[in-house]
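Dropping input36.txt in here (compact mmCIF, C-alpha atoms):
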# COMPACT_ATOMS: atom_id res chain seq x y z
CA MET A 1 -54.06 -85.67 1.86
CA THR A 2 -51.96 -87.59 -0.64
CA GLU A 3 -49.74 -85.83 -3.12
CA SER A 4 -50.68 -86.42 -6.76
CA PRO A 5 -48.03 -88.28 -8.79
CA ARG A 6 -45.67 -86.16 -10.84
CA GLN A 7 -46.48 -85.96 -14.54
CA ILE A 8 -43.83 -87.68 -16.67
CA PHE A 9 -43.06 -86.17 -20.08
CA LEU A 10 -41.18 -88.36 -22.55
CA ILE A 11 -39.92 -87.37 -26.01
CA PRO A 12 -38.43 -90.59 -27.44
CA GLU A 13 -36.73 -88.65 -30.23
CA LEU A 14 -34.73 -86.67 -27.65
CA ASN A 15 -33.93 -89.94 -25.89
CA PHE A 16 -32.63 -91.31 -29.21
CA TRP A 17 -30.18 -88.40 -29.65
CA MET A 18 -29.18 -88.58 -25.99
CA ILE A 19 -27.96 -92.13 -26.58
CA LYS A 20 -26.14 -91.20 -29.79
CA THR A 21 -24.47 -88.17 -28.19
CA LEU A 22 -23.21 -90.10 -25.18
CA LYS A 23 -22.15 -93.26 -27.00
CA SER A 24 -20.20 -91.51 -29.75
CA SER A 25 -18.61 -88.93 -27.47
CA PRO A 26 -14.81 -88.56 -27.78
CA VAL A 27 -14.84 -86.76 -24.43
CA ASN A 28 -15.06 -88.81 -21.22
CA PRO A 29 -15.72 -92.11 -23.03
CA ASN A 30 -16.05 -94.02 -19.75
CA TYR A 31 -19.46 -92.51 -19.02
CA HIS A 32 -21.81 -95.41 -18.25
CA LYS A 33 -25.22 -93.95 -17.40
CA ILE A 34 -26.59 -94.30 -20.92
CA PRO A 35 -30.38 -94.68 -21.34
CA SER A 36 -32.02 -97.68 -22.97
CA ASP A 37 -31.90 -97.88 -26.74
CA ILE A 38 -34.71 -96.16 -28.64
CA SER A 39 -35.85 -97.10 -32.12
CA ASP A 40 -35.14 -94.66 -34.93
CA PHE A 41 -38.88 -94.87 -35.67
CA TRP A 42 -39.24 -91.68 -33.62
CA ARG A 43 -36.91 -89.66 -35.84
CA GLU A 44 -38.25 -86.96 -38.13
CA SER A 45 -35.71 -85.62 -40.63
CA ARG A 46 -37.13 -82.07 -40.40
CA SER A 47 -37.39 -81.86 -36.62
CA VAL A 48 -35.54 -79.32 -34.50
CA LEU A 49 -33.71 -82.17 -32.74
CA GLU A 50 -32.29 -83.43 -36.04
CA LEU A 51 -31.25 -79.85 -36.78
CA LEU A 52 -29.40 -79.56 -33.46
CA PHE A 53 -27.78 -82.98 -33.14
CA ASN A 54 -27.38 -84.42 -36.63
CA GLU A 55 -24.15 -83.28 -38.26
CA ASN A 56 -25.52 -84.75 -41.49
CA PHE A 57 -28.82 -82.86 -41.27
CA ASN A 58 -30.66 -83.52 -44.51
CA PRO A 59 -34.37 -82.66 -44.21
CA GLU A 60 -36.74 -84.42 -46.57
CA SER A 61 -39.12 -82.30 -48.59
CA THR A 62 -42.38 -81.45 -46.85
CA PRO A 63 -45.08 -83.87 -48.01
CA SER A 64 -47.90 -82.23 -49.95
CA SER A 65 -51.19 -81.86 -48.12
CA SER A 66 -54.29 -79.73 -48.30
CA SER A 67 -53.67 -76.49 -46.45
CA GLY A 68 -55.57 -76.33 -43.21
CA SER A 69 -56.72 -79.94 -43.41
CA ILE A 70 -57.40 -81.51 -40.03
CA THR A 71 -55.19 -84.41 -41.05
CA ASP A 72 -52.29 -82.09 -41.91
CA MET A 73 -50.07 -82.12 -38.85
CA GLU A 74 -47.68 -79.62 -40.39
CA SER A 75 -49.95 -76.79 -41.49
CA ILE A 76 -49.25 -75.11 -38.13
CA ASN A 77 -45.47 -74.97 -38.72
CA ASP A 78 -44.15 -71.45 -39.22
CA LYS A 79 -40.52 -72.61 -39.60
CA PRO A 80 -38.78 -74.79 -42.18
CA TYR A 81 -38.01 -77.19 -39.30
CA ILE A 82 -40.57 -78.80 -36.96
CA TYR A 83 -40.35 -77.55 -33.40
CA LYS A 84 -43.90 -78.31 -32.27
CA TYR A 85 -44.84 -81.68 -30.80
CA ARG A 86 -48.11 -83.47 -30.04
CA LYS A 87 -49.18 -85.88 -27.34
CA CYS A 88 -49.47 -89.50 -28.51
CA ASN A 89 -52.26 -91.95 -27.74
CA LEU A 90 -50.58 -94.71 -25.73
CA LEU A 91 -52.92 -97.27 -27.28
CA LEU A 92 -51.68 -96.47 -30.77
CA ILE A 93 -47.90 -96.42 -30.20
CA PRO A 94 -46.28 -99.28 -32.14
CA ASP A 95 -42.96 -99.10 -30.27
CA LYS A 96 -43.37 -101.81 -27.61
CA ASN A 97 -40.05 -100.93 -26.00
CA VAL A 98 -41.27 -97.42 -25.17
CA LEU A 99 -44.57 -98.80 -23.88
CA ARG A 100 -42.78 -101.23 -21.56
CA ARG A 101 -40.65 -98.42 -20.18
CA THR A 102 -43.74 -96.34 -19.36
CA GLN A 103 -45.69 -99.12 -17.62
CA MET A 104 -44.82 -97.94 -14.12
CA TYR A 105 -45.97 -94.43 -15.05
CA ARG A 106 -48.89 -95.56 -17.20
CA TRP A 107 -51.48 -93.16 -15.75
CA ASN A 108 -49.26 -90.11 -15.52
CA ALA A 109 -46.89 -90.50 -18.49
CA LEU A 110 -47.25 -88.35 -21.60
CA ILE A 111 -45.34 -89.27 -24.75
CA PHE A 112 -44.74 -86.66 -27.45
CA ALA A 113 -43.67 -86.92 -31.09
CA ALA A 114 -42.88 -84.26 -33.68
CA SER A 115 -46.01 -82.73 -35.19
CA SER A 116 -45.42 -84.47 -38.50
CA ASN A 117 -47.76 -86.29 -40.84
CA LYS A 118 -45.51 -89.30 -40.26
CA PHE A 119 -46.96 -89.72 -36.75
CA ALA A 120 -50.55 -88.61 -37.47
CA THR A 121 -52.09 -92.00 -36.62
CA MET A 122 -50.55 -91.93 -33.13
CA PHE A 123 -52.11 -88.55 -32.34
CA ASP A 124 -55.73 -89.76 -32.68
CA MET A 125 -57.32 -89.44 -29.23
CA SER A 126 -60.80 -90.73 -30.24
CA ASN A 127 -59.91 -94.29 -29.12
CA THR A 128 -61.69 -95.66 -32.17
CA HIS A 129 -60.87 -98.24 -34.77
CA PHE A 130 -63.35 -98.14 -37.68
CA ASP A 131 -63.36 -96.20 -40.95
CA GLN A 132 -66.41 -94.18 -41.87
CA SER A 133 -68.93 -95.91 -44.11
CA PRO A 134 -70.93 -93.99 -46.76
CA ASN A 135 -74.03 -95.80 -45.49
CA PRO A 136 -74.48 -95.06 -41.74
CA THR A 137 -76.93 -97.95 -41.37
CA GLN A 138 -74.06 -100.38 -41.94
CA PRO A 139 -71.30 -101.21 -39.47
CA PRO A 140 -69.06 -98.12 -39.66
CA THR A 141 -65.54 -98.40 -40.94
CA ASN A 142 -64.34 -95.04 -39.59
CA PRO A 143 -63.21 -94.57 -35.97
CA VAL A 144 -66.32 -94.69 -33.80
CA ASP A 145 -66.43 -94.71 -30.03
CA ALA A 146 -68.18 -97.28 -27.84
CA SER A 147 -71.07 -94.94 -26.94
CA TRP A 148 -72.10 -94.71 -30.61
CA LEU A 149 -72.04 -98.49 -30.91
CA ASP A 150 -74.08 -98.90 -27.73
CA GLU A 151 -76.68 -96.29 -28.70
CA ASN A 152 -77.21 -98.05 -32.00
CA GLN A 153 -77.81 -101.39 -30.25
CA VAL A 154 -74.72 -102.98 -31.68
CA THR A 155 -74.34 -106.57 -30.51
CA MET A 156 -71.51 -109.05 -30.49
CA ARG A 157 -71.45 -112.18 -32.59
CA LEU A 158 -68.85 -114.82 -33.12
CA PRO A 159 -66.58 -114.73 -36.15
CA THR A 160 -68.24 -115.99 -39.31
CA ASP A 161 -66.13 -119.15 -39.38
CA VAL A 162 -67.96 -120.52 -36.27
CA ASN A 163 -71.10 -122.39 -37.28
CA GLU A 164 -74.32 -122.19 -35.28
CA ALA A 165 -74.18 -125.93 -34.59
CA ASP A 166 -70.77 -125.59 -32.98
CA ARG A 167 -71.81 -123.02 -30.35
CA SER A 168 -71.90 -124.04 -26.71
CA PRO A 169 -75.23 -123.88 -24.85
CA TYR A 170 -73.37 -122.54 -21.79
CA ILE A 171 -72.08 -119.34 -23.46
CA THR A 172 -74.07 -116.20 -24.25
CA TYR A 173 -73.09 -115.16 -27.73
CA LYS A 174 -75.05 -111.89 -28.07
CA SER A 175 -74.08 -108.97 -25.84
CA ASN A 176 -73.61 -105.22 -26.02
CA ILE A 177 -70.25 -103.81 -27.08
CA TYR A 178 -68.72 -101.43 -24.56
CA THR A 179 -65.32 -101.22 -26.20
CA PRO A 180 -64.37 -101.06 -29.87
CA GLY A 181 -63.90 -104.42 -31.51
CA SER A 182 -62.85 -105.70 -34.91
CA TYR A 183 -65.22 -105.52 -37.85
CA PRO A 184 -66.15 -109.26 -38.07
CA LEU A 185 -67.40 -109.16 -34.45
CA VAL A 186 -69.95 -106.39 -35.05
CA ASP A 187 -73.61 -106.94 -35.82
CA MET A 188 -76.33 -104.28 -36.02
CA ASP A 189 -80.08 -104.18 -35.79
CA GLN A 190 -80.94 -102.67 -39.17
CA ASN A 191 -84.21 -101.22 -37.83
CA ALA A 192 -82.57 -99.34 -34.97
CA PRO A 193 -82.35 -95.52 -35.27
CA VAL A 194 -78.92 -94.38 -36.35
CA ASN A 195 -77.32 -91.51 -34.47
CA PRO A 196 -74.77 -89.19 -36.14
CA LEU A 197 -71.21 -90.42 -36.20
CA PRO A 198 -68.80 -88.67 -33.84
CA PRO A 199 -65.80 -86.80 -35.28
CA SER A 200 -63.56 -89.22 -37.15
CA VAL A 201 -60.41 -88.23 -35.26
CA ILE A 202 -59.50 -86.03 -32.33
CA TYR A 203 -56.02 -84.50 -32.39
CA PRO A 204 -54.34 -82.94 -29.35
CA PRO A 205 -53.13 -79.36 -29.81
CA PRO A 206 -49.49 -78.83 -30.89
CA GLU A 207 -47.09 -77.72 -28.17
CA ASP A 208 -43.57 -76.33 -27.95
CA PRO A 209 -42.17 -78.59 -25.20
CA PHE A 210 -38.77 -76.86 -25.31
CA GLN A 211 -40.23 -73.36 -24.92
CA PHE A 212 -37.87 -71.76 -27.42
CA SER A 213 -37.38 -68.01 -27.12
CA GLU A 214 -37.13 -65.49 -29.96
CA GLN A 215 -33.35 -65.58 -29.57
CA ASP A 216 -33.41 -69.37 -29.85
CA PHE A 217 -35.41 -69.17 -33.07
CA MET A 218 -33.03 -66.55 -34.47
CA MET A 219 -30.04 -68.83 -33.94
CA LEU A 220 -31.94 -71.97 -35.03
CA ASP A 221 -32.76 -70.22 -38.32
CA ILE A 222 -29.06 -69.41 -38.85
CA LEU A 223 -28.07 -72.97 -37.96
CA TYR A 224 -30.64 -74.30 -40.45
CA ASP A 225 -29.17 -72.16 -43.24
CA TYR A 226 -25.61 -73.17 -42.31
CA LYS A 227 -26.35 -76.90 -42.38
CA LEU A 228 -28.07 -76.56 -45.74
CA GLY A 229 -25.01 -74.83 -47.19
CA TYR A 230 -26.26 -71.23 -47.35
CA PRO A 231 -23.85 -68.40 -46.43
CA VAL A 232 -24.37 -67.18 -42.86
CA THR A 233 -22.71 -64.68 -40.55
CA LEU A 234 -22.68 -63.98 -36.84
CA ASN A 235 -22.11 -60.26 -37.29
CA GLY A 236 -24.33 -58.05 -35.16
CA ILE A 237 -25.24 -60.76 -32.64
CA VAL A 238 -24.45 -59.84 -29.01
CA PHE A 239 -23.40 -63.11 -27.36
CA PRO A 240 -23.97 -62.18 -23.67
CA ASP A 241 -27.60 -61.29 -24.44
CA LEU A 242 -28.41 -64.75 -25.79
CA THR A 243 -30.27 -67.53 -23.98
CA CYS A 244 -28.79 -70.98 -23.31
CA ILE A 245 -29.61 -72.78 -26.59
CA ALA A 246 -28.88 -69.63 -28.59
CA LYS A 247 -25.45 -69.27 -26.94
CA LEU A 248 -24.51 -72.86 -27.71
CA ILE A 249 -25.55 -72.53 -31.35
CA TYR A 250 -23.43 -69.35 -31.55
CA ILE A 251 -20.42 -71.19 -30.06
CA TYR A 252 -20.91 -74.08 -32.50
CA LEU A 253 -21.12 -71.80 -35.53
CA ASP A 254 -18.25 -69.60 -34.34
CA ALA A 255 -16.04 -72.68 -34.13
CA PHE A 256 -16.90 -73.96 -37.62
CA LEU A 257 -17.12 -70.61 -39.40
CA ASN A 258 -14.36 -68.65 -37.71
CA ASN A 259 -12.28 -71.30 -35.97
CA SER A 260 -12.91 -69.30 -32.81
CA PHE A 261 -13.49 -70.75 -29.34
CA VAL A 262 -13.37 -67.48 -27.41
CA TYR A 263 -16.86 -67.84 -25.94
CA TYR A 264 -16.39 -71.34 -24.57
CA SER A 265 -14.45 -72.19 -21.43
CA ASP A 266 -13.85 -75.56 -19.80
CA ASP A 267 -14.14 -73.92 -16.40
CA GLN A 268 -17.79 -72.91 -16.60
CA THR A 269 -20.64 -74.55 -18.47
CA ILE A 270 -23.35 -72.67 -20.36
CA SER A 271 -26.18 -74.86 -19.07
CA ASP A 272 -27.12 -74.81 -15.39
CA GLY A 273 -28.68 -78.28 -15.60
CA SER A 274 -32.28 -77.11 -15.40
CA ASN A 275 -33.01 -77.67 -19.10
CA ILE A 276 -32.36 -81.18 -20.42
CA LEU A 277 -32.22 -80.05 -24.06
CA CYS A 278 -29.67 -77.31 -23.32
CA THR A 279 -27.57 -79.69 -21.20
CA LEU A 280 -27.53 -82.39 -23.87
CA PHE A 281 -26.83 -79.96 -26.69
CA GLU A 282 -23.92 -78.53 -24.72
CA LYS A 283 -22.51 -82.06 -24.58
CA HIS A 284 -22.84 -82.27 -28.35
CA VAL A 285 -21.11 -78.89 -28.81
CA ILE A 286 -18.28 -80.02 -26.51
CA ASN A 287 -17.84 -83.12 -28.67
CA MET A 288 -17.60 -81.05 -31.84
CA ILE A 289 -15.18 -78.52 -30.29
CA TYR A 290 -13.00 -81.43 -29.19
CA HIS A 291 -12.93 -82.80 -32.74
CA LEU A 292 -11.89 -79.41 -34.12
CA LYS A 293 -9.28 -78.48 -31.51
CA GLN A 294 -7.79 -81.97 -31.44
CA ARG A 295 -6.73 -81.44 -35.06
CA GLN A 296 -4.87 -78.20 -34.43
CA TYR A 297 -1.64 -79.31 -32.79
CA GLY A 298 1.98 -78.45 -33.50
CA VAL A 299 4.37 -80.55 -35.60
CA ILE A 300 7.98 -80.33 -36.79
CA TRP A 301 7.85 -79.56 -40.51
CA LYS A 302 10.56 -79.89 -43.14
CA ASP A 303 9.72 -78.00 -46.29
CA GLN A 304 10.37 -79.78 -49.56
CA TYR A 305 10.70 -79.30 -53.30
CA VAL A 306 9.97 -81.60 -56.16
CA ILE A 307 12.91 -81.85 -58.54
CA SER A 308 12.65 -84.22 -61.51
CA ASP A 309 9.71 -85.99 -59.87
CA ARG A 310 11.74 -86.49 -56.73
CA ILE A 311 10.87 -85.02 -53.33
CA VAL A 312 13.85 -83.15 -51.89
CA GLU A 313 13.60 -81.97 -48.29
CA ILE A 314 15.10 -78.66 -47.14
CA ASN A 315 17.28 -79.18 -44.10
CA VAL A 316 15.40 -76.64 -41.99
CA ASN A 317 13.02 -77.56 -39.20
CA ASP A 318 9.91 -75.43 -38.80
CA PHE A 319 7.32 -75.68 -36.07
CA LEU A 320 3.86 -75.37 -37.59
CA ILE A 321 0.37 -75.59 -36.13
CA MET A 322 -2.04 -77.94 -37.88
CA LYS A 323 -5.17 -76.54 -39.44
CA LYS A 324 -8.52 -78.26 -39.44
CA GLU A 325 -10.60 -78.91 -42.51
CA THR A 326 -14.32 -79.67 -42.47
CA LYS A 327 -16.22 -80.67 -45.58
CA ARG A 328 -19.77 -81.84 -46.21
CA ILE A 329 -19.90 -84.26 -49.13
CA THR A 330 -22.89 -85.80 -50.86
CA ILE A 331 -22.04 -89.27 -52.17
CA THR A 332 -22.43 -89.21 -55.95
CA GLU A 333 -23.12 -92.15 -58.22
CA GLU A 334 -19.47 -92.01 -59.33
CA MET A 335 -18.22 -92.19 -55.74
CA PHE A 336 -20.55 -95.10 -55.08
CA VAL A 337 -19.41 -97.01 -58.17
CA ASN A 338 -15.72 -96.33 -57.47
CA ASN A 339 -16.26 -97.08 -53.79
CA GLU A 340 -14.20 -94.10 -52.68
CA ILE A 341 -13.96 -90.34 -52.14
CA LEU A 342 -10.91 -88.47 -53.51
CA ILE A 343 -9.38 -85.54 -51.61
CA THR A 344 -7.07 -83.42 -53.77
CA GLU A 345 -6.74 -80.25 -51.64
CA ASN A 346 -5.52 -79.79 -48.07
CA ILE A 347 -4.32 -83.39 -47.97
CA PRO A 348 -4.73 -85.03 -44.51
CA TRP A 349 -1.55 -84.98 -42.45
CA ASP A 350 -2.28 -88.17 -40.53
CA ARG A 351 -4.97 -90.71 -41.31
CA ARG A 352 -5.51 -91.17 -37.57
CA ASP A 353 -6.79 -87.60 -37.39
CA PHE A 354 -9.51 -88.29 -39.94
CA VAL A 355 -13.17 -88.41 -38.79
CA ILE A 356 -16.37 -89.08 -40.73
CA TYR A 357 -19.86 -88.35 -39.45
CA GLN A 358 -22.65 -90.35 -41.07
CA ASP A 359 -26.27 -89.94 -40.02
CA GLY A 360 -25.21 -88.03 -36.94
CA VAL A 361 -22.62 -90.45 -35.54
CA VAL A 362 -18.89 -91.01 -35.99
CA ILE A 363 -18.23 -94.14 -38.06
CA GLU A 364 -15.21 -96.31 -37.39
CA GLN A 365 -12.06 -96.09 -39.50
CA ASP A 366 -10.64 -99.40 -40.77
CA LYS A 367 -14.04 -100.95 -40.15
CA ASP A 368 -16.38 -98.86 -42.28
CA TYR A 369 -13.77 -97.02 -44.33
CA THR A 370 -10.03 -96.51 -44.64
CA VAL A 371 -7.81 -93.57 -45.65
CA VAL A 372 -4.83 -94.01 -47.97
CA ILE A 373 -2.56 -91.09 -48.91
CA ASP A 374 -1.06 -91.57 -52.36
CA PHE A 375 2.31 -89.88 -53.15
CA SER A 376 2.92 -91.73 -56.40
CA ASP A 377 2.79 -88.35 -58.16
CA PRO A 378 4.81 -85.97 -55.94
CA ASN A 379 3.24 -82.95 -57.62
CA LYS A 380 -0.29 -84.11 -56.94
CA PRO A 381 -0.67 -86.11 -53.73
CA ILE A 382 -4.16 -87.56 -53.33
CA ALA A 383 -6.01 -89.00 -50.33
CA HIS A 384 -8.30 -91.95 -51.07
CA VAL A 385 -11.17 -92.55 -48.66
CA HIS A 386 -12.12 -96.16 -49.46
CA PHE A 387 -15.52 -97.57 -48.48
CA ILE A 388 -15.14 -100.94 -46.77
CA THR A 389 -18.76 -101.72 -45.90
CA ASP A 390 -22.03 -101.23 -47.77
CA ILE A 391 -23.40 -98.52 -45.45
CA PHE A 392 -22.63 -95.81 -48.01
CA LEU A 393 -25.31 -95.04 -50.59
CA PRO A 394 -25.71 -92.39 -53.31
CA GLY A 395 -27.28 -89.25 -51.90
CA ASP A 396 -25.93 -89.80 -48.38
CA ILE A 397 -24.39 -86.72 -46.78
CA LEU A 398 -21.08 -87.18 -44.96
CA GLU A 399 -19.22 -84.66 -42.83
CA LEU A 400 -15.44 -85.09 -42.99
CA ILE A 401 -13.05 -83.52 -40.45
CA TRP A 402 -9.26 -83.80 -40.70
CA SER A 403 -5.99 -81.96 -40.02
CA HIS A 404 -3.60 -80.54 -42.61
CA ILE A 405 -0.65 -78.16 -43.05
CA ASP A 406 -0.77 -75.22 -45.45
CA PRO A 407 2.64 -75.70 -47.15
CA TYR A 408 1.77 -79.31 -47.97
CA SER A 409 1.59 -78.54 -51.70
CA PRO A 410 5.12 -79.11 -53.11
CA ILE A 411 6.69 -76.56 -55.50
CA SER A 412 7.89 -77.86 -58.84
CA GLN A 413 11.42 -76.84 -59.87
CA PRO A 414 13.14 -77.18 -63.27
CA ASP A 415 15.89 -79.68 -63.72
CA GLU A 416 19.43 -78.38 -63.16
Entire entry expressed as structure tokens:
Amino acid sequence: MTESPRQIFLIPELNFWMIKTLKSSPVNPNYHKIPSDISDFWRESRSVLELLFNENFNPESTPSSSSGSITDMESINDKPYIYKYRKCNLLLIPDKNVLRRTQMYRWNALIFAASSNKFATMFDMSNTHFDQSPNPTQPPTNPVDASWLDENQVTMRLPTDVNEADRSPYITYKSNIYTPGSYPLVDMDQNAPVNPLPPSVIYPPPEDPFQFSEQDFMMLDILYDYKLGYPVTLNGIVFPDLTCIAKLIYIYLDAFLNNSFVYYSDDQTISDGSNILCTLFEKHVINMIYHLKQRQYGVIWKDQYVISDRIVEINVNDFLIMKKETKRITITEEMFVNNEILITENIPWDRRDFVIYQDGVVIEQDKDYTVVIDFSDPNKPIAHVHFITDIFLPGDILELIWSHIDPYSPISQPDE
């Protein structure tokens, strides 16, 4: 007795974020086992994966659709983010790279995409290619399967641009259709009885491939509010009682909200490796903790005064610990026209400690942007974040992370 092949489940969107997480990681940058590139076609701005991995999470508004319509992939969503996925028809996937990767598993590979109207055409399991015609006696234009065509005595003919005189006597030009063809190749006997059309489309049921628990949903809801700028709190949540994803979201939020890393230890991981989503998200959380902690180091500080527009240092050395600053900024039309962002509070201590996330990845300083700290006015130092390339557009959301020292603001003194 032979063992049946193992079913392969592939979520290209998760694969996309796996690549981004590993390639842009500041921790262990020599990691080489990175999967093949995946097109951003599979991304859905409102999906749970964008919520988890995109530091610039910016969900688009839900497209309007008739409630309960069979073509509405999102009527089943009970969350503001999409966590349910549907199986795709391999014949309708436009991403040839994904199809090539699944060739060796062709008969036991299942590919899933977010249950979004964006991917509705890929979910059609009717294996049909025509649109419905108001007159059923005419060649249908709605998806129709081969059995309907065969029962209605549909026959093949050559394209209309081939004249009768040009046909070869050695080729049979009229035959039954057993697979769907293109419209110009279909001919019908108008006197044949017409059977009812089959359903126009057949959609697979939505699934939760990540099997989120109630605790996961609780923390995902809080994370959603946090990334959209609403006030959130972790009060009342018992960390040890949380599941894997929920714990990691808690750790992430605790770091950004409270600058606390008490629940994360380098000695023991949260994920046990049995859940790919939890393992990958832990890697993302490690990356973000690294960015935050890296900017909280100690420096020798000399306090200073500004006297008659001159900076005068006090000859006393203090040892101060840097503080981190995180800010989400939406690029305005003014920023776009001026080609820069101005920082007037908590001025960066060192431009090398400055990080920008755009569309979920860290962009490169001195290639995409540069940071210049201007002390021309000692009373009002300003940091200029100049855009070097044209990747910045109005409406884009950026996440900025940098280090600063509290007593950076100089104190003005009267002239003596």
Could you list, as a PyMOL selection string, every residue within 10 Å of His284 of chain A, counting all atoms listed in the file and ignoring same-chain residues fewer than 5 positions away? chain A and resi 17-18+20-22+24-25+27+52-54+248+252+278-279+289-290
Please, what distance in Å, to one decimal, runs between atom CA of Thr330 of chain A and atom CA of Ile397 of chain A?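 Atom-to-atom, atom CA of Thr330 of chain A and atom CA of Ile397 of chain A are spaced 4.4 Å apart.
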Nearest to Asp272 of chain A by atom-to-atom distance, counting all atoms listed in the file, from A:Ile388, A:Leu253, A:Arg295, A:Cys244: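 Residue with the minimum atom-to-atom distance to Asp272 of chain A: A:Cys244.
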Quick check, in Å to one decimal: how far apart do atom CA of Met73 of chain A and atom CA of Ala120 of chain A lie?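 Pair atom CA of Met73 of chain A / atom CA of Ala120 of chain A returns 6.7 Å.
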Report the distance between atom CA of Val385 of chain A and atom CA of Glu333 of chain A in Å, rounded to one decimal place.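 Between atom CA of Val385 of chain A and atom CA of Glu333 of chain A the gap is 15.3 Å.
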Pick out the closest residue to Ile347 of chain A from this set: A:Lys283, A:Lys323, A:Lys96, A:Lys247. Count all atoms listed in the file.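 Checking each candidate against Ile347 of chain A, we get A:Lys323 as the closest.
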Minimum-distance residue to Ile82 of chain A, chosen among A:Asp95, A:Asp208, A:Asp124, A:Asp37 (using all atoms listed in the file):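 The shortest atom-to-atom distance to Ile82 of chain A comes from A:Asp208.
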Any chance you could work out the axis-aligned box around segment 346-355 of chain A, listed atoms only, 6 Å on each side, giving centre and edge lengths in Å to one decimal, as AutoDock Vina command-line options?
--center_x -7.4 --center_y -85.5 --center_z -42.7 --size_x 23.6 --size_y 23.4 --size_z 22.7
Please identify all polymer residues within 7 Å of Asn15 of chain A, counting all atoms listed in the file, omitting same-chain residues fewer than 4 positions from it, and present them as a ChimeraX atom specification. /A:11,19,38
Since the input lacks some atoms of segment 231-243 of chain A, please model N, CA and C atoms and print them as a PDB file, in the frame of the given file.
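Below is the file that was written, selection_27.pdb:
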ATOM      1  N   PRO A 231     -24.802 -69.268 -47.147  1.00  0.00           N
ATOM      2  CA  PRO A 231     -23.850 -68.400 -46.430  1.00  0.00           C
ATOM      3  C   PRO A 231     -24.510 -67.746 -45.221  1.00  0.00           C
ATOM      4  N   VAL A 232     -23.847 -67.784 -44.095  1.00  0.00           N
ATOM      5  CA  VAL A 232     -24.370 -67.180 -42.860  1.00  0.00           C
ATOM      6  C   VAL A 232     -23.272 -66.377 -42.201  1.00  0.00           C
ATOM      7  N   THR A 233     -23.657 -65.493 -41.314  1.00  0.00           N
ATOM      8  CA  THR A 233     -22.710 -64.680 -40.550  1.00  0.00           C
ATOM      9  C   THR A 233     -23.237 -64.473 -39.143  1.00  0.00           C
ATOM     10  N   LEU A 234     -22.312 -64.255 -38.226  1.00  0.00           N
ATOM     11  CA  LEU A 234     -22.680 -63.980 -36.840  1.00  0.00           C
ATOM     12  C   LEU A 234     -22.534 -62.499 -36.510  1.00  0.00           C
ATOM     13  N   ASN A 235     -22.293 -61.697 -37.507  1.00  0.00           N
ATOM     14  CA  ASN A 235     -22.110 -60.260 -37.290  1.00  0.00           C
ATOM     15  C   ASN A 235     -23.388 -59.645 -36.715  1.00  0.00           C
ATOM     16  N   GLY A 236     -23.200 -58.759 -35.746  1.00  0.00           N
ATOM     17  CA  GLY A 236     -24.330 -58.050 -35.160  1.00  0.00           C
ATOM     18  C   GLY A 236     -25.019 -58.768 -34.023  1.00  0.00           C
ATOM     19  N   ILE A 237     -24.620 -59.995 -33.731  1.00  0.00           N
ATOM     20  CA  ILE A 237     -25.240 -60.760 -32.640  1.00  0.00           C
ATOM     21  C   ILE A 237     -24.432 -60.539 -31.361  1.00  0.00           C
ATOM     22  N   VAL A 238     -25.102 -60.111 -30.299  1.00  0.00           N
ATOM     23  CA  VAL A 238     -24.450 -59.840 -29.010  1.00  0.00           C
ATOM     24  C   VAL A 238     -24.527 -61.111 -28.171  1.00  0.00           C
ATOM     25  N   PHE A 239     -23.409 -61.799 -28.017  1.00  0.00           N
ATOM     26  CA  PHE A 239     -23.400 -63.110 -27.360  1.00  0.00           C
ATOM     27  C   PHE A 239     -23.931 -63.080 -25.928  1.00  0.00           C
ATOM     28  N   PRO A 240     -23.498 -62.150 -25.058  1.00  0.00           N
ATOM     29  CA  PRO A 240     -23.970 -62.180 -23.670  1.00  0.00           C
ATOM     30  C   PRO A 240     -25.481 -62.044 -23.527  1.00  0.00           C
ATOM     31  N   ASP A 241     -26.158 -61.490 -24.532  1.00  0.00           N
ATOM     32  CA  ASP A 241     -27.600 -61.290 -24.440  1.00  0.00           C
ATOM     33  C   ASP A 241     -28.400 -62.528 -24.846  1.00  0.00           C
ATOM     34  N   LEU A 242     -27.722 -63.568 -25.307  1.00  0.00           N
ATOM     35  CA  LEU A 242     -28.410 -64.750 -25.790  1.00  0.00           C
ATOM     36  C   LEU A 242     -28.832 -65.678 -24.663  1.00  0.00           C
ATOM     37  N   THR A 243     -29.845 -66.506 -24.929  1.00  0.00           N
ATOM     38  CA  THR A 243     -30.270 -67.530 -23.980  1.00  0.00           C
ATOM     39  C   THR A 243     -29.409 -68.775 -24.169  1.00  0.00           C
TER      40      THR A 243
END
